[in-house]
Amino acid sequence: MEAHAAHSPAAPRSRSLRLPGVGVGLGRGVVVLWLSVIVLLPLAALLDKSLSEGLGHFWDQVSSPQAKRALELVLVSSLIVVAINAVFGTIVAWLLVRDNFPGKSIVNAIIDLPFALPTIVASLILIQLWGKHSPLGIDIALTRAAIVVALCFVTLPFVVRAVQPLLIELDRDMEEAAASLGAGGLTTFRRIIFPNLLPGLAAGVALAFARALGEYGSVLLFAGGKPDTQVASIFIGQQIETGNEVGAAAVSIVLLAMALACLFVITLIQRWGSRHERGSSK
Amino acid sequence: MTGSTSGRWGLRVLGLGYIALLLVAPLVLLFYKTFEEGLAPPFEAITSADGLHALKLTLLTVAIAVPLNTVFGVLCSLLLVRHKWRGNWLVDAALNLPFAISPVVIGLSLFLLYGKQGWFEPGLAEAGIKVLFSTPGIVLACIFVSVPFVVRETVPVLQEIGTEQEQAAETLGAGPWQTFWRVTLPAIRWGVAYGVVLCTARVLGEFGAVSVVSGNISGETQTLPLFVEKNYENFNLPGAFGAAVLLALLALAVLMAMNLLKRKEAA
């Protein structure tokens with residue numbers, strides 16, 4: 001496989017190759033094989049395992065009180081988190097695009113910290129400010145609030161980076177026109193800015209939601225694995241440790257289905273967004 | 001929105017306060033706590049046999065997973081952008097999966113494929129290859145989680161540069177290889193580099209997927225993120241904090257690289 005991969009950059013340049021189709025075909029073969037072995041085959045094994053003792057058993061595993069509680073907990077937490085980040089992410093994006101303050105470029109760079117920082121380190125740093133030895137005196141470690149804070153941390157950049165480019169492109173004439181017609185700041189935001197940001201914000205929120213649903217490392221040390229702070233991914237981890245592979249696989253499939261539904265929504269939003277853009281540019 | 005000064009200050013307090021409490025203060029505190037009693041304790045923890053082994057294993061994983069996913073990423077991007085194919089939407093969908101799936105679920109799926117009673121187990125056992133609880137499993141997990149990064153960053157750049165220059169090169173008699181190395185690759189290099197940086201960061205820090213397939217054995221199958229977790233759970237705080245600071249420094253280097261590349265790309 002490695003040998004193939006090393007040769008293949010040549011393959012796609014075959015528009016004018018003397019043997020049309022051969023190079024592209026080889027490249028395509030490598031890509032499909034790589035994705036199959038790396039991604040699809042393991043997932044097929046997961047699906048197979050989840051159903052290995054029948055649909056009835058699958059349902060029992062997924063609807064057990066602990067599994068249901070873990071799935072509900074991560075769903076509710078993720079909804080709260082994307083709501084918080086939709087508001088604060090938009091504010092931060094606005095500050096980065098429209099405001100000027102010293103250190104702005106550093107703030108702009110630090111937004112990506114959650115993308116760059118390993119999740120287990122995220123868990124550890126959040127404990128420093130929000131845990132037992134908090135200098136603020138606020139100890140939320142090992143509670144459900146910790147789940148929300150951890151998920152806010154990992155998903156912030158998704159929202160900011162989705163809204164930022166739309167704000168940059170936003171035509172200021174419209175806002176000035178609204179203001180000159182007597183619209184206040186809030187009205188201008190509600191009627192002019194917000195509708196234009198909506199496609200990006202919605203896509204960012206959906207991405208953040210998908211990420212929050214599966215988040216593991218940042219929650220692990222900070223929120224812990226007590227029964228009432230156990231999100232779905234932690235529940236799956238514990239089921240693997242106790243040897244209940246079928247149960248772990250079944251809950252995994254449900255979690256996977258929720259995330260895929262989320263991605264599907266993102267695709268719809270992007271189509272809607274690009275149509276919106278084409279419509280308005282005419 | 002531009003008119004009211006108090007509104008502007010209100011937004012600044014909210015936005016910057018949020019970032020301070022969520023990102024900056026926790027990170028600063030980690031550095032403070034780590035070096036509270038000097039440089040020695042964290043330094044000794046990282047340079048212990050287990051710490052060094054974890055560092056080496058992490059770097060080895062990066063050295064294998066990142067080049068493979070880079071070559072795959074460039075190839076895949078070229079195919080997706082330059083060659084219409086009915087199967088492209090499927091490739092695209094498969095590329096979305098690693099971002100949508102929980103790391104633990106990725107670990108579990110590899111665990112089930114390569115573990116005992118897994119589909120590959122009979123063949124692997126016969127050949128004497130151990131995937132699970134050893135380096136190959138860790139590498140596979142890291143490749144899985146980081147597959148889409150280079151593709152996602154390269155595709156938009158390829159779309160933007162168009163095909164005019166490539167066609168000109170071909171008209172002037174350049175072969176496909178020559179066109180790729182001399183025209184296409186230089187035009188997309190910053191996009192590719194950005195993807196490589198993101199891919200490296202993810203592989204360096206991957207925790208969930210690796211924790212399921214590696215077994216987390218100190219000095220054997222423990223990467224740096226696993227080293228952080230195990231030391232924290234065993235109340236060996238200098239070890240946990242030392243390795244966490246090392247990873248955080250690498251993350252800051254990644255952030256700087258991202259920023260630099262974004263500027264290059266914009267220029």
# chains A, B, ... in the order shown; residues from 1 in each chain; ligands from 1

$ select_by_dssp --residues "segment 134-267 of chain B" --states "alpha helix (DSSP H)" --output "PyMOL selection string"
chain B and resi 135-146+148-161+164-171+176-179+185-205+208-214+224-233+237-266

$ closest_atom_pairs --of "chain A" --to "chain B" --cutoff "7 Å" --atoms "only C-alpha atoms" --output "tab-separated table"
residue	atom	partner	partner_atom	distance
A:Ala5	CA	B:Val71	CA	6.4
A:Ala6	CA	B:Val71	CA	6.8
A:Ser8	CA	B:Leu75	CA	6.6
A:Pro9	CA	B:Leu75	CA	5.4
A:Ala10	CA	B:Trp177	CA	5.1
A:Pro12	CA	B:Leu79	CA	6.0
A:Arg13	CA	B:Pro176	CA	4.9
A:Ser14	CA	B:Pro176	CA	6.2
A:Val31	CA	B:Cys76	CA	6.2
A:Ile38	CA	B:Phe144	CA	5.7
A:Val39	CA	B:Phe144	CA	6.1
A:Pro42	CA	B:Ser109	CA	4.8
A:Leu43	CA	B:Ser109	CA	5.6
A:Ala45	CA	B:Leu113	CA	5.5
A:Leu46	CA	B:Ser109	CA	4.9
A:Phe88	CA	B:Gly15	CA	6.1
A:Ile91	CA	B:Gly15	CA	5.7
A:Val92	CA	B:Gly15	CA	5.0
A:Leu95	CA	B:Arg12	CA	6.9
A:Ala109	CA	B:Asn259	CA	6.5
A:Asp112	CA	B:Leu255	CA	6.9
A:Leu113	CA	B:Leu255	CA	6.7
A:Ala116	CA	B:Ala251	CA	4.9
A:Leu117	CA	B:Ala251	CA	5.1
A:Pro118	CA	B:Gly205	CA	4.1
A:Thr119	CA	B:Gly205	CA	6.9
A:Ile120	CA	B:Pro225	CA	6.4
A:Val121	CA	B:Ala244	CA	5.6
A:Ile125	CA	B:Pro26	CA	4.9
A:Leu126	CA	B:Pro26	CA	5.4
A:Gln128	CA	B:Pro26	CA	5.9
A:Leu129	CA	B:Pro26	CA	5.2
A:Phe153	CA	B:Leu22	CA	6.2
A:Gly185	CA	B:Met1	CA	4.0
A:Leu186	CA	B:Met1	CA	6.9
A:Ala210	CA	B:Ala100	CA	5.9
A:Arg211	CA	B:Ala100	CA	6.6
A:Gly214	CA	B:Ser102	CA	3.9
A:Glu215	CA	B:Ser102	CA	6.1
A:Tyr216	CA	B:Gly208	CA	6.2
A:Gly217	CA	B:Gly208	CA	6.0
A:Ser233	CA	B:Val104	CA	6.3
A:Gly237	CA	B:Val104	CA	6.5
A:Ser252	CA	B:Val105	CA	5.8
A:Leu256	CA	B:Ile101	CA	5.8
A:Ala259	CA	B:Ala100	CA	5.5
A:Leu260	CA	B:Ala100	CA	6.5

$ write_last_selection --atoms "C-alpha atoms" --output "PDB file, in the first residue's frame"
ATOM      1  CA  ALA A   5       0.719   5.636  -2.367  1.00  0.00           C
ATOM      2  CA  ALA A   6       4.231   6.862  -3.072  1.00  0.00           C
ATOM      3  CA  SER A   8       0.364   7.827  -7.151  1.00  0.00           C
ATOM      4  CA  PRO A   9       0.668  11.632  -7.379  1.00  0.00           C
ATOM      5  CA  ALA A  10       1.546  11.030 -11.013  1.00  0.00           C
ATOM      6  CA  PRO A  12      -4.168  11.993 -11.469  1.00  0.00           C
ATOM      7  CA  ARG A  13      -2.282  14.184 -13.929  1.00  0.00           C
ATOM      8  CA  SER A  14      -3.448  11.983 -16.714  1.00  0.00           C
ATOM      9  CA  VAL A  31      -7.800   6.014  -2.603  1.00  0.00           C
ATOM     10  CA  ILE A  38      -8.517   2.461   7.292  1.00  0.00           C
ATOM     11  CA  VAL A  39     -12.085   3.662   7.804  1.00  0.00           C
ATOM     12  CA  PRO A  42     -13.359  -1.210  11.041  1.00  0.00           C
ATOM     13  CA  LEU A  43     -16.792   0.426  10.989  1.00  0.00           C
ATOM     14  CA  ALA A  45     -16.788  -4.767  12.033  1.00  0.00           C
ATOM     15  CA  LEU A  46     -18.409  -2.422  14.570  1.00  0.00           C
ATOM     16  CA  PHE A  88     -20.197  33.810  22.438  1.00  0.00           C
ATOM     17  CA  ILE A  91     -19.450  37.877  19.716  1.00  0.00           C
ATOM     18  CA  VAL A  92     -15.819  36.762  19.468  1.00  0.00           C
ATOM     19  CA  LEU A  95     -14.701  41.438  17.870  1.00  0.00           C
ATOM     20  CA  ALA A 109      -4.502  32.867  16.957  1.00  0.00           C
ATOM     21  CA  ASP A 112      -7.556  27.638  17.417  1.00  0.00           C
ATOM     22  CA  LEU A 113      -5.969  26.393  20.663  1.00  0.00           C
ATOM     23  CA  ALA A 116      -4.156  22.139  18.522  1.00  0.00           C
ATOM     24  CA  LEU A 117      -4.243  21.084  22.178  1.00  0.00           C
ATOM     25  CA  PRO A 118      -4.600  17.361  22.936  1.00  0.00           C
ATOM     26  CA  THR A 119      -7.970  16.693  24.545  1.00  0.00           C
ATOM     27  CA  ILE A 120      -6.475  15.051  27.619  1.00  0.00           C
ATOM     28  CA  VAL A 121      -4.419  18.199  28.226  1.00  0.00           C
ATOM     29  CA  ILE A 125      -5.971  22.648  32.202  1.00  0.00           C
ATOM     30  CA  LEU A 126      -9.702  23.076  32.799  1.00  0.00           C
ATOM     31  CA  GLN A 128      -6.736  23.994  37.092  1.00  0.00           C
ATOM     32  CA  LEU A 129      -9.241  26.843  36.819  1.00  0.00           C
ATOM     33  CA  PHE A 153     -13.768  24.537  25.151  1.00  0.00           C
ATOM     34  CA  GLY A 185     -27.713  48.746  16.772  1.00  0.00           C
ATOM     35  CA  LEU A 186     -29.911  45.888  17.830  1.00  0.00           C
ATOM     36  CA  ALA A 210     -21.245  16.620  16.011  1.00  0.00           C
ATOM     37  CA  ARG A 211     -17.914  17.110  17.767  1.00  0.00           C
ATOM     38  CA  GLY A 214     -18.409  12.184  20.548  1.00  0.00           C
ATOM     39  CA  GLU A 215     -15.991  14.109  22.757  1.00  0.00           C
ATOM     40  CA  TYR A 216     -14.011  11.921  25.134  1.00  0.00           C
ATOM     41  CA  GLY A 217     -10.585  13.097  26.314  1.00  0.00           C
ATOM     42  CA  SER A 233     -18.381   8.138  24.909  1.00  0.00           C
ATOM     43  CA  GLY A 237     -15.243   3.237  27.196  1.00  0.00           C
ATOM     44  CA  SER A 252     -21.546   3.384  19.399  1.00  0.00           C
ATOM     45  CA  LEU A 256     -22.615   7.382  15.129  1.00  0.00           C
ATOM     46  CA  ALA A 259     -23.425  12.401  14.339  1.00  0.00           C
ATOM     47  CA  LEU A 260     -24.162  11.353  10.755  1.00  0.00           C
TER      48      LEU A 260
END

$ residues_around --residues "Ala150 of chain A" --least-positions-apart "4" --cutoff "8 Å" --atoms "only C-alpha atoms" --output "VMD selection string"
chain A and resid 122 to 123 126 146 154 218 to 219 222

$ closest_residue --among "B:Asp50, B:Glu37, B:Glu220, B:Glu265" --to "Ala187 of chain B" --atoms "only C-alpha atoms"
B:Glu265

$ residues_around --residues "segment 58-60 of chain B" --least-positions-apart "2" --cutoff "7 Å" --atoms "only C-alpha atoms" --output "PyMOL selection string"
chain B and resi 54-56+62-64+204+223-224

$ residues_around --residues "Val159 of chain A" --least-positions-apart "5" --cutoff "9 Å" --atoms "only C-alpha atoms" --output "short mmCIF file (atom, residue, chain, number, x, y, z; two decimals) with C-alpha atoms, in the first residue's frame"
data_model
loop_
_atom_site.label_atom_id
_atom_site.label_comp_id
_atom_site.auth_asym_id
_atom_site.auth_seq_id
_atom_site.Cartn_x
_atom_site.Cartn_y
_atom_site.Cartn_z
CA VAL A 82 -23.85 24.90 21.04
CA ASN A 85 -21.07 28.98 21.74
CA ALA A 86 -23.47 30.31 19.12
CA PHE A 88 -20.20 33.81 22.44
CA GLY A 89 -18.68 32.51 19.19
CA THR A 90 -20.54 35.18 17.25
CA ALA A 93 -15.99 36.63 15.67
CA GLN A 164 -15.71 35.02 10.80
CA GLY A 200 -22.29 30.04 8.50
CA LEU A 201 -23.50 30.05 12.06
CA ALA A 202 -25.78 27.08 11.40
CA ALA A 203 -22.98 25.11 9.77
CA GLY A 204 -20.59 25.95 12.60
CA VAL A 205 -23.15 24.97 15.21
CA ALA A 206 -23.83 21.66 13.46
CA LEU A 207 -20.09 20.87 13.31
CA ALA A 208 -19.72 21.81 16.96
#

$ closest_residue --among "B:Pro41, B:Gly239, B:Gly115, B:Gly195" --to "Val131 of chain B" --atoms "only C-alpha atoms"
B:Gly115

$ closest_residue --among "A:Ile80, A:Ala223, A:Ile111, A:Pro199" --to "Asp139 of chain A" --atoms "only C-alpha atoms"
A:Ala223

$ atom_distance --atom1 "atom CA of Ser50 of chain A" --atom2 "atom CA of Ala65 of chain B"
28.6 Å

$ atom_distance --atom1 "atom CA of Leu26 of chain A" --atom2 "atom CA of Ala169 of chain B"
23.0 Å

$ residues_around --residues "Lys130 of chain B" --least-positions-apart "5" --cutoff "10 Å" --atoms "only C-alpha atoms" --output "PyMOL selection string"
chain B and resi 114-115+121+124-125+135-137

$ residues_around --residues "Trp130 of chain A" --least-positions-apart "3" --cutoff "7 Å" --atoms "only C-alpha atoms" --output "VMD selection string"
chain A and resid 126 to 127 134 138 to 141

$ decode --residues "segment 63-105 of chain A" --atoms "N, CA and C atoms" --output "short mmCIF file (atom, residue, chain, number, x, y, z; two decimals), in the first residue's frame"
data_model
loop_
_atom_site.label_atom_id
_atom_site.label_comp_id
_atom_site.auth_asym_id
_atom_site.auth_seq_id
_atom_site.Cartn_x
_atom_site.Cartn_y
_atom_site.Cartn_z
N SER A 63 -31.24 0.56 25.12
CA SER A 63 -32.30 1.15 25.95
C SER A 63 -32.15 0.81 27.43
N SER A 64 -30.99 0.26 27.81
CA SER A 64 -30.76 0.03 29.24
C SER A 64 -30.73 1.40 29.93
N PRO A 65 -31.11 1.46 31.22
CA PRO A 65 -31.16 2.77 31.89
C PRO A 65 -29.85 3.55 31.79
N GLN A 66 -28.70 2.86 31.98
CA GLN A 66 -27.43 3.59 31.96
C GLN A 66 -27.14 4.12 30.56
N ALA A 67 -27.40 3.28 29.54
CA ALA A 67 -27.11 3.70 28.17
C ALA A 67 -27.98 4.89 27.79
N LYS A 68 -29.26 4.79 28.15
CA LYS A 68 -30.19 5.88 27.82
C LYS A 68 -29.77 7.17 28.50
N ARG A 69 -29.38 7.02 29.78
CA ARG A 69 -28.99 8.21 30.53
C ARG A 69 -27.75 8.85 29.91
N ALA A 70 -26.78 8.01 29.51
CA ALA A 70 -25.55 8.55 28.92
C ALA A 70 -25.84 9.26 27.59
N LEU A 71 -26.72 8.66 26.79
CA LEU A 71 -27.05 9.28 25.50
C LEU A 71 -27.82 10.58 25.70
N GLU A 72 -28.78 10.54 26.64
CA GLU A 72 -29.55 11.76 26.91
C GLU A 72 -28.65 12.87 27.44
N LEU A 73 -27.74 12.47 28.34
CA LEU A 73 -26.85 13.47 28.95
C LEU A 73 -26.00 14.17 27.89
N VAL A 74 -25.46 13.40 26.96
CA VAL A 74 -24.59 14.02 25.96
C VAL A 74 -25.41 14.85 24.98
N LEU A 75 -26.63 14.41 24.69
CA LEU A 75 -27.49 15.20 23.79
C LEU A 75 -27.84 16.55 24.41
N VAL A 76 -28.30 16.50 25.66
CA VAL A 76 -28.70 17.75 26.34
C VAL A 76 -27.50 18.67 26.52
N SER A 77 -26.36 18.09 26.99
CA SER A 77 -25.16 18.91 27.19
C SER A 77 -24.73 19.56 25.89
N SER A 78 -24.76 18.80 24.80
CA SER A 78 -24.30 19.33 23.52
C SER A 78 -25.22 20.45 23.05
N LEU A 79 -26.53 20.30 23.28
CA LEU A 79 -27.46 21.37 22.90
C LEU A 79 -27.16 22.65 23.68
N ILE A 80 -26.95 22.50 24.99
CA ILE A 80 -26.62 23.68 25.81
C ILE A 80 -25.33 24.32 25.31
N VAL A 81 -24.35 23.47 25.04
CA VAL A 81 -23.03 23.98 24.62
C VAL A 81 -23.11 24.73 23.30
N VAL A 82 -23.82 24.18 22.32
CA VAL A 82 -23.85 24.90 21.04
C VAL A 82 -24.65 26.19 21.17
N ALA A 83 -25.63 26.22 22.06
CA ALA A 83 -26.36 27.46 22.28
C ALA A 83 -25.43 28.53 22.87
N ILE A 84 -24.63 28.13 23.88
CA ILE A 84 -23.68 29.07 24.49
C ILE A 84 -22.67 29.55 23.45
N ASN A 85 -22.11 28.60 22.70
CA ASN A 85 -21.07 28.98 21.74
C ASN A 85 -21.62 29.73 20.54
N ALA A 86 -22.89 29.53 20.21
CA ALA A 86 -23.47 30.31 19.12
C ALA A 86 -23.45 31.78 19.50
N VAL A 87 -23.77 32.07 20.76
CA VAL A 87 -23.78 33.46 21.22
C VAL A 87 -22.35 33.99 21.36
N PHE A 88 -21.54 33.30 22.17
CA PHE A 88 -20.20 33.81 22.44
C PHE A 88 -19.29 33.70 21.21
N GLY A 89 -19.47 32.65 20.41
CA GLY A 89 -18.68 32.51 19.19
C GLY A 89 -18.93 33.66 18.24
N THR A 90 -20.21 34.06 18.13
CA THR A 90 -20.54 35.18 17.25
C THR A 90 -19.95 36.49 17.79
N ILE A 91 -20.04 36.67 19.12
CA ILE A 91 -19.45 37.88 19.72
C ILE A 91 -17.95 37.93 19.45
N VAL A 92 -17.27 36.80 19.67
CA VAL A 92 -15.82 36.76 19.47
C VAL A 92 -15.49 37.03 18.00
N ALA A 93 -16.25 36.41 17.10
CA ALA A 93 -15.99 36.63 15.67
C ALA A 93 -16.19 38.10 15.32
N TRP A 94 -17.22 38.70 15.89
CA TRP A 94 -17.48 40.12 15.63
C TRP A 94 -16.32 40.99 16.12
N LEU A 95 -15.83 40.69 17.33
CA LEU A 95 -14.70 41.44 17.87
C LEU A 95 -13.49 41.32 16.96
N LEU A 96 -13.27 40.11 16.43
CA LEU A 96 -12.07 39.88 15.62
C LEU A 96 -12.16 40.57 14.27
N VAL A 97 -13.39 40.73 13.76
CA VAL A 97 -13.54 41.32 12.42
C VAL A 97 -13.75 42.83 12.49
N ARG A 98 -14.61 43.28 13.42
CA ARG A 98 -15.05 44.66 13.39
C ARG A 98 -14.40 45.56 14.44
N ASP A 99 -13.81 44.96 15.45
CA ASP A 99 -13.28 45.77 16.53
C ASP A 99 -11.76 45.87 16.38
N ASN A 100 -11.19 46.79 17.07
CA ASN A 100 -9.74 46.89 17.12
C ASN A 100 -9.31 47.06 18.56
N PHE A 101 -8.47 46.17 19.01
CA PHE A 101 -7.96 46.30 20.38
C PHE A 101 -6.56 45.71 20.40
N PRO A 102 -5.74 46.16 21.35
CA PRO A 102 -4.38 45.62 21.39
C PRO A 102 -4.40 44.11 21.64
N GLY A 103 -3.54 43.39 20.95
CA GLY A 103 -3.47 41.95 21.13
C GLY A 103 -4.49 41.18 20.32
N LYS A 104 -5.12 41.87 19.35
CA LYS A 104 -6.17 41.20 18.58
C LYS A 104 -5.64 39.99 17.80
N SER A 105 -4.44 40.15 17.24
CA SER A 105 -3.93 39.03 16.42
C SER A 105 -3.60 37.83 17.30
#
